[in-house]
file upload_10.cif (mmCIF, C-alpha atoms and all ligand atoms)
data_input
loop_
_atom_site.label_atom_id
_atom_site.label_comp_id
_atom_site.auth_asym_id
_atom_site.auth_seq_id
_atom_site.Cartn_x
_atom_site.Cartn_y
_atom_site.Cartn_z
CA MET A 273 121.27 92.88 93.88
CA GLN A 274 124.62 91.51 95.02
CA PHE A 275 124.99 94.47 97.35
CA LEU A 276 121.40 94.47 98.65
CA ALA A 277 121.44 90.75 99.43
CA SER A 278 125.02 90.68 100.71
CA ASP A 279 125.91 90.01 104.33
CA ALA A 280 127.12 93.65 104.46
CA LEU A 281 123.46 94.75 104.66
CA ARG A 282 122.68 92.10 107.32
CA GLY A 283 119.31 91.21 105.85
CA ARG A 284 117.93 94.78 105.71
CA GLY A 285 115.92 94.34 108.91
CA SER A 286 112.72 96.43 109.02
CA GLY A 287 113.33 99.80 110.65
CA THR A 288 117.07 99.21 111.21
CA ALA A 289 120.13 101.18 110.13
CA ASP A 290 120.63 98.41 107.54
CA GLU A 291 117.23 99.23 106.04
CA LEU A 292 118.26 102.91 105.89
CA ALA A 293 121.52 101.91 104.16
CA ALA A 294 119.47 99.99 101.57
CA ALA A 295 117.20 103.03 101.04
CA LYS A 296 120.23 105.32 100.66
CA TYR A 297 121.83 102.93 98.20
CA ILE A 298 118.65 102.83 96.11
CA ALA A 299 118.55 106.64 96.26
CA SER A 300 122.09 106.85 94.91
CA GLN A 301 121.20 104.49 92.05
CA LEU A 302 118.09 106.52 91.15
CA HIS A 303 120.20 109.69 91.19
CA ALA A 304 122.79 108.10 88.90
CA TYR A 305 120.02 107.09 86.45
CA GLY A 306 118.70 110.66 86.27
CA VAL A 307 115.46 109.90 88.14
CA GLU A 308 114.07 112.87 90.08
CA PRO A 309 113.69 112.63 93.87
CA ALA A 310 110.19 112.35 95.39
CA GLY A 311 110.97 111.79 99.06
CA ASP A 312 111.40 114.19 101.99
CA ASP A 313 113.03 117.63 101.61
CA GLY A 314 114.06 117.28 97.97
CA GLY A 315 115.69 113.87 98.54
CA TYR A 316 114.69 110.32 97.65
CA VAL A 317 114.23 108.95 101.16
CA GLN A 318 110.89 109.23 102.97
CA GLN A 319 111.05 108.67 106.73
CA ALA A 320 108.13 107.30 108.76
CA ALA A 321 107.98 107.21 112.55
CA ILE A 322 107.28 103.84 114.14
CA VAL A 323 106.67 102.70 117.71
CA ARG A 324 108.17 99.54 119.18
CA ARG A 325 106.34 98.33 122.25
CA LYS A 326 107.88 95.83 124.67
CA PHE A 327 106.39 94.03 127.64
CA THR A 328 108.23 94.72 130.89
CA ALA A 329 106.45 91.92 132.81
CA ALA A 330 104.26 88.94 131.95
CA PRO A 331 100.89 89.96 130.49
CA ARG A 332 97.70 88.51 131.94
CA LEU A 333 94.33 87.38 130.73
CA GLN A 334 91.67 88.60 133.12
CA MET A 335 88.02 88.04 133.67
CA ALA A 336 86.46 91.40 134.25
CA THR A 337 83.15 92.06 135.93
CA SER A 338 81.70 95.49 136.47
CA GLY A 339 82.33 96.93 139.89
CA PRO A 340 81.09 100.37 140.97
CA PRO A 341 80.06 102.60 138.02
CA GLY A 342 82.96 103.38 135.70
CA THR A 343 85.32 100.77 137.11
CA THR A 344 86.14 97.21 136.22
CA THR A 345 87.43 94.67 138.67
CA ALA A 346 89.32 91.55 137.73
CA THR A 347 87.89 88.51 139.44
CA ALA A 348 90.04 85.83 137.88
CA SER A 349 93.40 86.12 136.20
CA TRP A 350 95.73 83.89 134.19
CA THR A 351 99.40 84.67 133.69
CA TYR A 352 101.56 84.35 130.60
CA GLY A 353 104.22 81.67 130.99
CA THR A 354 102.37 79.33 133.34
CA ASP A 355 98.68 79.52 132.37
CA PHE A 356 99.03 80.39 128.71
CA LEU A 357 101.60 81.05 125.99
CA THR A 358 101.31 83.22 122.89
CA LEU A 359 101.36 81.66 119.44
CA GLN A 360 101.03 85.04 117.77
CA LEU A 361 100.44 88.51 119.14
CA THR A 362 100.02 91.84 117.34
CA GLN A 363 98.36 93.89 120.10
CA PHE A 364 99.53 94.57 123.64
CA GLN A 365 95.97 94.82 124.93
CA PHE A 366 92.52 93.75 123.84
CA SER A 367 89.20 92.86 125.39
CA GLY A 368 85.87 91.34 124.44
CA PRO A 369 83.14 88.90 125.40
CA LEU A 370 83.96 85.19 125.61
CA GLN A 371 82.60 82.99 122.84
CA LYS A 372 83.12 79.21 122.93
CA ILE A 373 83.38 77.19 119.72
CA GLU A 374 84.42 73.67 118.78
CA ALA A 375 87.04 73.24 116.07
CA GLY A 376 84.83 70.66 114.36
CA GLU A 377 81.78 72.93 114.29
CA GLN A 378 80.87 73.80 110.72
CA LYS A 379 78.86 76.99 110.96
CA ALA A 380 79.83 78.84 114.10
CA GLU A 381 78.78 82.49 113.72
CA ILE A 382 81.63 84.54 115.10
CA ILE A 383 80.45 87.46 117.23
CA PRO A 384 82.32 90.60 116.09
CA GLY A 385 84.83 91.64 118.75
CA ALA A 386 84.61 88.37 120.67
CA ILE A 387 87.48 86.53 122.32
CA VAL A 388 86.93 83.02 121.00
CA LEU A 389 87.83 79.88 122.94
CA VAL A 390 88.54 77.12 120.41
CA THR A 391 88.48 73.59 121.78
CA GLY A 392 88.82 70.30 119.93
CA LYS A 393 88.88 66.62 120.76
CA ASP A 394 89.53 64.77 117.53
CA GLU A 395 91.13 67.62 115.61
CA THR A 396 94.87 68.03 115.09
CA ARG A 397 96.79 71.02 116.43
CA PHE A 398 96.91 72.33 112.87
CA GLU A 399 93.12 72.08 112.45
CA ILE A 400 92.47 73.81 115.76
CA ARG A 401 94.90 76.56 114.88
CA GLN A 402 93.27 77.03 111.46
CA LYS A 403 89.87 77.34 113.12
CA ALA A 404 91.30 79.97 115.47
CA LEU A 405 92.80 81.93 112.56
CA SER A 406 89.54 81.81 110.61
CA ALA A 407 87.62 83.02 113.69
CA GLN A 408 89.96 86.03 113.78
CA ALA A 409 89.53 86.61 110.06
CA GLU A 410 85.76 86.63 110.67
CA GLY A 411 85.99 89.39 113.27
CA ALA A 412 87.08 87.95 116.63
CA VAL A 413 89.69 90.14 118.39
CA ALA A 414 91.58 87.12 119.69
CA ALA A 415 91.43 83.35 119.89
CA LEU A 416 92.27 81.20 122.91
CA VAL A 417 93.46 77.87 121.61
CA ALA A 418 93.02 74.69 123.66
CA PHE A 419 95.03 71.90 122.11
CA PRO A 420 94.49 68.38 123.41
CA ASP A 421 97.41 66.84 125.37
CA GLU A 422 98.63 70.09 126.91
CA PRO A 423 100.19 70.08 130.40
CA GLU A 424 98.09 71.10 133.42
CA VAL A 425 100.25 74.22 133.64
CA PHE A 426 103.24 75.30 131.55
CA THR A 427 106.57 75.08 133.27
CA LEU A 428 108.76 76.36 130.46
CA ASP A 429 110.99 79.31 131.11
CA VAL A 430 109.74 81.50 128.29
CA GLU A 431 110.76 84.94 127.13
CA LEU A 432 108.12 87.67 127.24
CA PRO A 433 106.04 87.77 124.06
CA LYS A 434 107.23 90.01 121.25
CA LEU A 435 105.08 92.62 119.56
CA PRO A 436 105.48 93.89 115.99
CA PRO A 437 106.24 97.59 115.51
CA GLU A 438 103.41 99.97 114.67
CA LEU A 439 103.34 103.01 112.47
CA GLU A 440 103.05 106.00 114.81
CA GLY A 441 99.40 107.05 115.01
CA GLU A 442 98.24 103.98 113.02
CA PRO A 443 97.72 101.09 115.45
CA HIS A 444 95.46 99.33 112.94
CA ARG A 445 97.56 96.94 110.85
CA ARG A 446 96.34 97.16 107.27
CA MET A 447 98.15 94.07 106.01
CA GLY A 448 97.42 90.81 107.75
CA GLY A 449 95.19 92.56 110.28
CA ASN A 450 95.57 91.89 113.98
CA VAL A 451 96.20 88.30 115.02
CA ASN A 452 96.22 87.38 118.71
CA LEU A 453 96.44 83.66 119.45
CA LEU A 454 96.95 82.39 122.99
CA GLU A 455 97.69 78.73 123.75
CA LEU A 456 96.09 77.58 127.01
CA SER A 457 97.17 75.07 129.63
CA VAL A 458 94.62 72.39 130.57
CA GLU A 459 93.80 74.15 133.86
CA THR A 460 93.17 77.46 132.11
CA THR A 461 91.00 75.76 129.49
CA LYS A 462 88.91 74.09 132.20
CA ALA A 463 88.44 77.39 134.04
CA LEU A 464 87.41 79.23 130.87
CA GLU A 465 85.05 76.44 129.79
CA ARG A 466 83.17 76.89 133.06
CA LEU A 467 82.58 80.62 132.40
CA PRO A 468 79.30 81.62 130.75
CA GLU A 469 79.30 82.84 127.16
CA GLY A 470 79.63 86.62 127.02
CA THR A 471 81.87 86.85 130.10
CA SER A 472 83.99 89.95 129.69
CA LEU A 473 87.69 89.13 129.19
CA ARG A 474 90.69 91.37 128.74
CA PHE A 475 94.35 90.90 127.95
CA VAL A 476 96.69 93.42 129.54
CA GLY A 477 100.34 93.83 130.41
CA PRO A 478 102.81 96.58 131.30
CA THR A 479 104.76 97.88 128.31
CA ILE A 480 107.30 100.52 127.39
CA ALA A 481 107.25 102.17 123.96
CA GLU A 482 110.39 103.07 122.03
CA LYS A 483 110.32 105.37 119.05
CA GLY A 484 112.01 104.44 115.80
CA ASN A 485 111.78 104.97 112.07
CA THR A 486 111.36 103.10 108.83
CA TRP A 487 112.36 104.37 105.40
CA ASN A 488 111.02 104.34 101.86
CA ALA A 489 112.98 105.42 98.77
CA ILE A 490 110.94 107.19 96.09
CA GLY A 491 111.85 108.51 92.63
CA LYS A 492 109.84 110.16 89.89
CA LEU A 493 109.93 110.67 86.15
CA LYS A 494 107.61 113.54 85.32
CA GLY A 495 105.50 112.75 82.26
CA SER A 496 106.36 114.49 78.99
CA ASP A 497 102.80 114.77 77.68
CA PRO A 498 100.82 117.67 79.22
CA LYS A 499 97.60 115.70 78.64
CA LEU A 500 98.88 112.44 80.17
CA ARG A 501 101.31 113.54 82.87
CA GLY A 502 98.51 113.85 85.42
CA SER A 503 98.20 110.04 85.27
CA VAL A 504 100.66 108.27 87.54
CA VAL A 505 102.05 104.76 87.00
CA LEU A 506 103.67 103.32 90.13
CA PHE A 507 106.24 100.53 90.13
CA SER A 508 107.13 99.24 93.59
CA ALA A 509 108.98 96.63 95.65
CA HIS A 510 109.95 96.32 99.30
CA LEU A 511 113.50 97.07 100.34
CA ASP A 512 113.42 95.47 103.81
CA HIS A 513 113.65 91.84 104.88
CA LEU A 514 113.99 89.99 108.19
CA GLY A 515 117.48 91.16 109.20
CA VAL A 516 119.50 89.10 111.68
CA GLY A 517 117.63 86.29 113.44
CA PRO A 518 117.86 82.80 114.89
CA PRO A 519 120.75 80.96 113.20
CA VAL A 520 120.02 78.08 110.85
CA ASP A 521 123.03 75.87 110.08
CA GLY A 522 125.25 78.56 111.62
CA ASP A 523 123.90 81.38 109.42
CA SER A 524 121.96 84.16 111.18
CA ILE A 525 121.66 86.64 108.28
CA TYR A 526 118.32 86.47 106.50
CA ASN A 527 119.61 87.92 103.22
CA GLY A 528 116.28 88.14 101.43
CA ALA A 529 117.80 87.74 97.98
CA ASP A 530 114.57 86.53 96.37
CA ASP A 531 112.42 88.35 98.98
CA ASP A 532 112.72 91.04 97.89
CA ALA A 533 116.11 92.17 96.59
CA SER A 534 114.95 90.59 93.31
CA GLY A 535 111.89 92.85 93.11
CA VAL A 536 113.96 95.92 94.03
CA THR A 537 116.40 95.03 91.26
CA ALA A 538 113.54 94.74 88.75
CA VAL A 539 112.16 98.18 89.67
CA LEU A 540 115.66 99.73 89.61
CA GLU A 541 116.27 98.26 86.16
CA LEU A 542 112.93 99.58 84.87
CA ALA A 543 113.88 102.97 86.35
CA ARG A 544 117.24 102.88 84.56
CA VAL A 545 115.69 101.97 81.21
CA LEU A 546 112.84 104.49 81.44
CA ALA A 547 115.19 107.31 82.52
CA ALA A 548 117.65 106.54 79.71
CA GLY A 549 115.09 106.42 76.90
CA ARG A 550 112.56 108.91 75.59
CA ARG A 551 110.73 110.44 78.55
CA PRO A 552 107.47 108.56 79.26
CA ARG A 553 104.29 110.47 78.43
CA ARG A 554 102.79 109.58 81.81
CA THR A 555 104.36 110.33 85.18
CA VAL A 556 106.19 107.32 86.60
CA LEU A 557 106.74 106.83 90.32
CA LEU A 558 109.27 104.30 91.62
CA ALA A 559 108.71 103.37 95.25
CA PHE A 560 110.77 101.07 97.44
CA PHE A 561 108.99 100.42 100.71
CA GLY A 562 110.42 99.82 104.18
CA SER A 563 108.95 97.52 106.85
CA GLU A 564 106.80 95.47 104.48
CA GLU A 565 107.76 92.42 106.52
CA GLN A 566 106.18 94.02 109.60
CA GLY A 567 102.74 94.53 108.07
CA GLY A 568 103.30 97.01 105.23
CA LEU A 569 104.26 99.96 107.43
CA GLY A 570 106.26 101.84 104.76
CA SER A 571 103.56 101.51 102.12
CA THR A 572 100.87 102.49 104.64
CA PHE A 573 102.80 105.69 105.41
CA PHE A 574 103.28 106.27 101.66
CA THR A 575 99.51 106.10 101.05
CA GLU A 576 98.96 108.61 103.86
CA HIS A 577 101.75 110.92 102.60
CA PRO A 578 101.89 110.28 98.84
CA PRO A 579 104.29 112.44 96.78
CA LEU A 580 101.43 112.91 94.27
CA PRO A 581 97.69 112.64 94.97
CA LEU A 582 96.55 109.00 95.15
CA ALA A 583 93.51 109.91 93.03
CA ASN A 584 95.92 110.38 90.10
CA PHE A 585 97.41 106.88 90.42
CA ALA A 586 96.40 104.77 87.42
CA LEU A 587 97.90 101.61 88.86
CA ASP A 588 100.61 100.04 90.99
CA LEU A 589 102.66 97.10 89.85
CA GLU A 590 104.56 95.56 92.78
CA PHE A 591 107.46 93.14 92.19
CA GLU A 592 108.01 90.30 94.65
CA MET A 593 110.30 87.29 94.45
CA ILE A 594 111.21 86.92 90.79
CA GLY A 595 114.63 85.44 91.61
CA ARG A 596 113.72 81.85 90.75
CA PRO A 597 111.30 80.31 88.26
CA ASP A 598 108.02 78.87 89.55
CA PRO A 599 107.59 75.26 88.37
CA ALA A 600 103.80 75.85 88.46
CA VAL A 601 103.99 78.15 85.41
CA PRO A 602 105.76 77.71 82.07
CA GLY A 603 109.47 78.62 81.68
CA ASP A 604 110.30 82.17 82.67
CA ASP A 605 106.68 83.30 82.93
CA VAL A 606 105.66 85.40 85.91
CA TRP A 607 102.28 85.44 87.58
CA LEU A 608 100.12 88.36 88.63
CA THR A 609 98.19 88.31 91.91
CA GLY A 610 94.53 89.30 91.68
CA TRP A 611 94.44 88.42 87.95
CA GLU A 612 90.68 87.89 88.09
CA ARG A 613 90.05 91.16 89.92
CA SER A 614 90.93 93.68 87.19
CA ASP A 615 91.70 94.05 83.48
CA LEU A 616 95.39 94.84 84.12
CA GLY A 617 96.77 91.32 83.62
CA PRO A 618 95.07 90.67 80.26
CA ALA A 619 96.17 94.13 79.02
CA LEU A 620 99.81 93.45 79.92
CA LYS A 621 99.61 90.06 78.26
CA ALA A 622 98.09 91.59 75.12
CA HIS A 623 101.16 93.86 74.98
CA GLY A 624 103.63 91.01 75.13
CA ALA A 625 104.16 90.39 78.85
CA GLN A 626 104.87 86.74 79.73
CA VAL A 627 102.37 86.98 82.55
CA VAL A 628 99.77 84.47 83.71
CA PRO A 629 97.25 84.23 86.58
CA ASP A 630 98.62 83.49 90.06
CA PRO A 631 98.52 79.68 90.37
CA HIS A 632 98.67 79.72 94.19
CA LEU A 633 95.30 81.28 95.08
CA GLU A 634 95.15 79.33 98.37
CA GLN A 635 98.20 81.33 99.53
CA ASN A 636 96.28 84.63 99.23
CA PHE A 637 99.38 86.42 97.88
CA PHE A 638 97.18 89.28 96.63
CA ALA A 639 96.71 90.38 100.25
CA ARG A 640 100.29 89.62 101.35
CA SER A 641 102.33 92.43 99.86
CA ASP A 642 102.40 96.23 99.61
CA ASN A 643 100.08 96.17 96.60
CA TYR A 644 97.27 95.33 99.03
CA ILE A 645 97.82 98.55 101.01
CA LEU A 646 97.45 100.55 97.76
CA ALA A 647 94.50 98.39 96.65
CA LYS A 648 92.66 99.09 99.91
CA LYS A 649 92.99 102.77 98.99
CA GLY A 650 91.29 102.09 95.65
CA VAL A 651 94.35 101.96 93.37
CA VAL A 652 94.41 98.99 90.97
CA ALA A 653 97.48 97.44 92.59
CA GLN A 654 98.74 93.93 91.90
CA THR A 655 101.96 91.98 92.36
CA ILE A 656 104.15 90.25 89.81
CA GLY A 657 106.09 87.24 91.11
CA SER A 658 107.47 83.84 90.26
CA TYR A 659 107.73 82.42 93.76
CA GLY A 660 107.34 78.66 93.54
CA LEU A 661 106.83 78.08 97.29
CA HIS A 662 110.50 77.11 97.70
CA SER A 663 111.77 76.02 101.11
CA ASP A 664 114.27 78.90 101.42
CA TYR A 665 111.37 81.36 101.95
CA HIS A 666 112.10 83.50 105.03
CA GLN A 667 115.22 81.44 105.79
CA PRO A 668 118.89 82.53 105.90
CA SER A 669 119.30 80.37 102.77
CA ASP A 670 117.27 82.84 100.68
CA ASP A 671 120.63 84.12 99.48
CA LEU A 672 122.47 84.95 96.27
CA ALA A 673 123.65 81.35 95.83
CA HIS A 674 120.02 80.33 95.23
CA ILE A 675 119.22 83.02 92.66
CA ASP A 676 118.69 82.10 89.01
CA PHE A 677 120.03 85.23 87.32
CA LYS A 678 119.22 83.88 83.86
CA HIS A 679 115.57 83.66 84.90
CA MET A 680 115.60 87.15 86.42
CA ASP A 681 117.19 88.58 83.29
CA ALA A 682 114.53 86.91 81.12
CA VAL A 683 111.71 88.16 83.36
CA ILE A 684 112.86 91.78 83.49
CA GLY A 685 113.82 91.84 79.79
CA ALA A 686 110.41 90.53 78.76
CA LEU A 687 108.65 93.21 80.82
CA ILE A 688 110.41 96.21 79.30
CA ALA A 689 108.26 96.44 76.15
CA PRO A 690 104.92 96.05 77.98
CA VAL A 691 106.06 98.58 80.61
CA GLU A 692 107.08 101.04 77.87
CA TRP A 693 103.59 100.63 76.41
CA LEU A 694 102.00 101.17 79.83
CA VAL A 695 103.86 104.40 80.64
CA ASN A 696 103.03 105.92 77.26
CA ALA A 697 99.41 104.78 76.90
CA ASP A 698 96.22 106.28 78.27
CA PHE A 699 95.04 102.85 79.48
CA VAL A 700 93.69 103.01 83.04
CA PRO A 701 92.89 99.58 84.47
CA ALA A 702 89.70 99.11 86.47
CA TRP A 703 88.55 96.70 89.14
CA LYS A 704 85.95 94.25 87.98
CA LYS A 705 82.56 94.61 89.61
CA GLY A 706 82.73 93.53 93.25
CA GLU A 707 86.47 92.71 93.04
CA LYS A 708 87.87 95.87 94.61
CA PRO A 709 89.19 94.74 98.02
ZN ZN A 801 108.33 89.98 100.16
#
call {"tool": "encode", "arguments": {"input": "upload_10.cif", "output": "structure tokens"}}
result
Amino acid sequence: MQFLASDALRGRGSGTADELAAAKYIASQLHAYGVEPAGDDGGYVQQAAIVRRKFTAAPRLQMATSGPPGTTTATASWTYGTDFLTLQLTQFQFSGPLQKIEAGEQKAEIIPGAIVLVTGKDETRFEIRQKALSAQAEGAVAALVAFPDEPEVFTLDVELPKLPPELEGEPHRRMGGNVNLLELSVETTKALERLPEGTSLRFVGPTIAEKGNTWNAIGKLKGSDPKLRGSVVLFSAHLDHLGVGPPVDGDSIYNGADDDASGVTAVLELARVLAAGRRPRRTVLLAFFGSEEQGGLGSTFFTEHPPLPLANFALDLEFEMIGRPDPAVPGDDVWLTGWERSDLGPALKAHGAQVVPDPHLEQNFFARSDNYILAKKGVVAQTIGSYGLHSDYHQPSDDLAHIDFKHMDAVIGALIAPVEWLVNADFVPAWKKGEKP
């Protein structure tokens, strides 16, 4: 953990050479423990191609009306930087019919695929933004946010908007979905308010695409029992973090000690213990995913190119942020996301795990880590954590100085017996009725 979270790895930025160094380091540890490789070409590392798209000029929001058959002509156009800004952007182009809603409206039915204009008079910026996010969660492709007290036009000198990388051939983001939020100037808001509902809008801009890669590290312990080895137990964590970014108090390295060097350390330690003891009766996979921070790209690739058929996976237990105790749960307990969704949590508890239901349901952690990518593929996949919503989350100060190693030691130590039960049992957890995501 001291190596993974050290400044030498520069925060293990998603899809960077530092991420590859982390994957190679994990590979060398797995090799030293006697874990078999399950990555590409007889090695531990699995490489996935990604695409990084960059705008080369300011994108525009256009009103499109049909011209001659098969063509579309823009009849009004607003430009990024003066007429609107981007609060969040995951797609370089999108289009849809305009739908106008008020932030205070209780039961606005969002039209699937709409571009929603969200206005508000008495609502705060936060409330308007929340309404925009919920409209997207309900199926809008984008939200145009009109905050009160905006300037007539923006006069800031802003950089072109940034886009997250995509997995090559997989433009649909499986974790977090697509979120496109534009912030409008007063003039743009007025112009859009005058347009009739259903007016066809599109967002476009010139881009260049650069190819890159992200890396997973995967190891395997083949089960010793011919009757049980077809059943796969997966333990996972994400090896990437945010890399080098805007400095805070002079520190620009986002070390990601808790997020998620702590989870990687837990899975490595379980790997070491399981490889050193009597061979588990079931097959154990140990996966360390790249580019989780960019929407679960490594785990998405893993589910499309699994080293063993996904149908044989009994479960996935992901480890996230166990580096500090959570004051919301007793002592060194950990919580399990999606507790109410399956019978996995109660079974682990019955076998001695100090595990309780996730106390932060409003944070939707179940859908915020790699487990969700596996869960969407049908695998009972849940995350163990003890993140107490500390203020070092995604900051350069999530570093080794803030890790409680006594807590981590207690957490991992307490999980060894339940994990040894799990890898030797024939227990296969199941989703509760209607709880499979
Ligand atoms: Zn994380």
call {"tool": "residues_around", "arguments": {"input": "upload_10.cif", "residues": "Ala529 in chain A", "least_positions_apart": "5", "cutoff": "6 Å", "atoms": "all atoms listed in the file", "output": "ChimeraX atom specification"}}
result
/A:277,670-672
call {"tool": "residues_near_ligand", "arguments": {"input": "upload_10.cif", "ligand": "ligand ZN 801 (chain A)", "cutoff": "8 Å", "atoms": "all atoms listed in the file", "output": "PDB file with C-alpha atoms, in the frame of the given file"}}
result
ATOM      1  CA  HIS A 510     109.950  96.320  99.300  1.00  0.00           C
ATOM      2  CA  HIS A 513     113.650  91.840 104.880  1.00  0.00           C
ATOM      3  CA  ASP A 531     112.420  88.350  98.980  1.00  0.00           C
ATOM      4  CA  ASP A 532     112.720  91.040  97.890  1.00  0.00           C
ATOM      5  CA  GLU A 564     106.800  95.470 104.480  1.00  0.00           C
ATOM      6  CA  GLU A 565     107.760  92.420 106.520  1.00  0.00           C
ATOM      7  CA  GLU A 592     108.010  90.300  94.650  1.00  0.00           C
ATOM      8  CA  MET A 593     110.300  87.290  94.450  1.00  0.00           C
ATOM      9  CA  SER A 641     102.330  92.430  99.860  1.00  0.00           C
TER      10      SER A 641
END
call {"tool": "residues_near_point", "arguments": {"input": "upload_10.cif", "point": "(96.1, 108.5, 77.4)", "cutoff": "8 Å", "atoms": "all atoms listed in the file", "output": "list of chain:residue names"}}
result
A:Lys499, A:Leu500, A:Asn696, A:Ala697, A:Asp698, A:Phe699
call {"tool": "closest_residue", "arguments": {"input": "upload_10.cif", "among": "A:Leu646, A:Leu454, A:Ala320, A:Leu405", "to": "Phe419 in chain A", "atoms": "all atoms listed in the file"}}
result
A:Leu454
call {"tool": "residues_around", "arguments": {"input": "upload_10.cif", "residues": "Pro579 in chain A", "least_positions_apart": "4", "cutoff": "10 Å", "atoms": "all atoms listed in the file", "output": "PyMOL selection string"}}
result
chain A and resi 309-312+318+490-492+557+574-575
call {"tool": "decode", "arguments": {"input": "upload_10.cif", "residues": "range 419-432 of chain A", "atoms": "N, CA, C and O atoms", "output": "PDB file, in the first residue's frame"}}
result
ATOM      1  N   PHE A 419     -29.794  29.016 -14.375  1.00  0.00           N
ATOM      2  CA  PHE A 419     -29.758  29.510 -13.003  1.00  0.00           C
ATOM      3  C   PHE A 419     -30.224  30.963 -12.999  1.00  0.00           C
ATOM      4  O   PHE A 419     -29.979  31.690 -13.954  1.00  0.00           O
ATOM      5  N   PRO A 420     -30.885  31.389 -11.914  1.00  0.00           N
ATOM      6  CA  PRO A 420     -31.170  32.823 -11.829  1.00  0.00           C
ATOM      7  C   PRO A 420     -29.840  33.581 -11.643  1.00  0.00           C
ATOM      8  O   PRO A 420     -28.829  32.963 -11.343  1.00  0.00           O
ATOM      9  N   ASP A 421     -29.861  34.863 -11.816  1.00  0.00           N
ATOM     10  CA  ASP A 421     -28.695  35.753 -11.682  1.00  0.00           C
ATOM     11  C   ASP A 421     -27.457  35.340 -12.479  1.00  0.00           C
ATOM     12  O   ASP A 421     -26.337  35.433 -12.028  1.00  0.00           O
ATOM     13  N   GLU A 422     -27.697  34.894 -13.718  1.00  0.00           N
ATOM     14  CA  GLU A 422     -26.580  34.661 -14.636  1.00  0.00           C
ATOM     15  C   GLU A 422     -26.333  35.955 -15.419  1.00  0.00           C
ATOM     16  O   GLU A 422     -27.240  36.784 -15.537  1.00  0.00           O
ATOM     17  N   PRO A 423     -25.144  36.124 -16.008  1.00  0.00           N
ATOM     18  CA  PRO A 423     -24.939  37.277 -16.887  1.00  0.00           C
ATOM     19  C   PRO A 423     -25.718  37.116 -18.196  1.00  0.00           C
ATOM     20  O   PRO A 423     -26.115  36.003 -18.542  1.00  0.00           O
ATOM     21  N   GLU A 424     -25.917  38.254 -18.890  1.00  0.00           N
ATOM     22  CA  GLU A 424     -26.566  38.211 -20.213  1.00  0.00           C
ATOM     23  C   GLU A 424     -25.812  37.247 -21.126  1.00  0.00           C
ATOM     24  O   GLU A 424     -26.402  36.377 -21.757  1.00  0.00           O
ATOM     25  N   VAL A 425     -24.506  37.446 -21.220  1.00  0.00           N
ATOM     26  CA  VAL A 425     -23.636  36.483 -21.921  1.00  0.00           C
ATOM     27  C   VAL A 425     -22.430  36.248 -21.017  1.00  0.00           C
ATOM     28  O   VAL A 425     -22.115  37.088 -20.171  1.00  0.00           O
ATOM     29  N   PHE A 426     -21.763  35.112 -21.225  1.00  0.00           N
ATOM     30  CA  PHE A 426     -20.556  34.825 -20.430  1.00  0.00           C
ATOM     31  C   PHE A 426     -19.374  35.522 -21.087  1.00  0.00           C
ATOM     32  O   PHE A 426     -19.268  35.544 -22.318  1.00  0.00           O
ATOM     33  N   THR A 427     -18.503  36.052 -20.282  1.00  0.00           N
ATOM     34  CA  THR A 427     -17.337  36.721 -20.861  1.00  0.00           C
ATOM     35  C   THR A 427     -16.040  36.112 -20.333  1.00  0.00           C
ATOM     36  O   THR A 427     -14.968  36.648 -20.518  1.00  0.00           O
ATOM     37  N   LEU A 428     -16.191  34.956 -19.671  1.00  0.00           N
ATOM     38  CA  LEU A 428     -15.004  34.290 -19.139  1.00  0.00           C
ATOM     39  C   LEU A 428     -14.178  33.736 -20.286  1.00  0.00           C
ATOM     40  O   LEU A 428     -14.715  33.372 -21.329  1.00  0.00           O
ATOM     41  N   ASP A 429     -12.888  33.644 -20.059  1.00  0.00           N
ATOM     42  CA  ASP A 429     -12.030  32.991 -21.038  1.00  0.00           C
ATOM     43  C   ASP A 429     -11.897  31.545 -20.555  1.00  0.00           C
ATOM     44  O   ASP A 429     -11.112  31.257 -19.673  1.00  0.00           O
ATOM     45  N   VAL A 430     -12.741  30.675 -21.126  1.00  0.00           N
ATOM     46  CA  VAL A 430     -12.756  29.305 -20.611  1.00  0.00           C
ATOM     47  C   VAL A 430     -12.061  28.334 -21.548  1.00  0.00           C
ATOM     48  O   VAL A 430     -12.050  28.526 -22.768  1.00  0.00           O
ATOM     49  N   GLU A 431     -11.502  27.296 -20.954  1.00  0.00           N
ATOM     50  CA  GLU A 431     -10.896  26.217 -21.742  1.00  0.00           C
ATOM     51  C   GLU A 431     -12.010  25.431 -22.409  1.00  0.00           C
ATOM     52  O   GLU A 431     -13.135  25.409 -21.913  1.00  0.00           O
ATOM     53  N   LEU A 432     -11.693  24.740 -23.471  1.00  0.00           N
ATOM     54  CA  LEU A 432     -12.691  23.873 -24.120  1.00  0.00           C
ATOM     55  C   LEU A 432     -13.103  22.776 -23.151  1.00  0.00           C
ATOM     56  O   LEU A 432     -12.307  22.342 -22.329  1.00  0.00           O
TER      57      LEU A 432
END
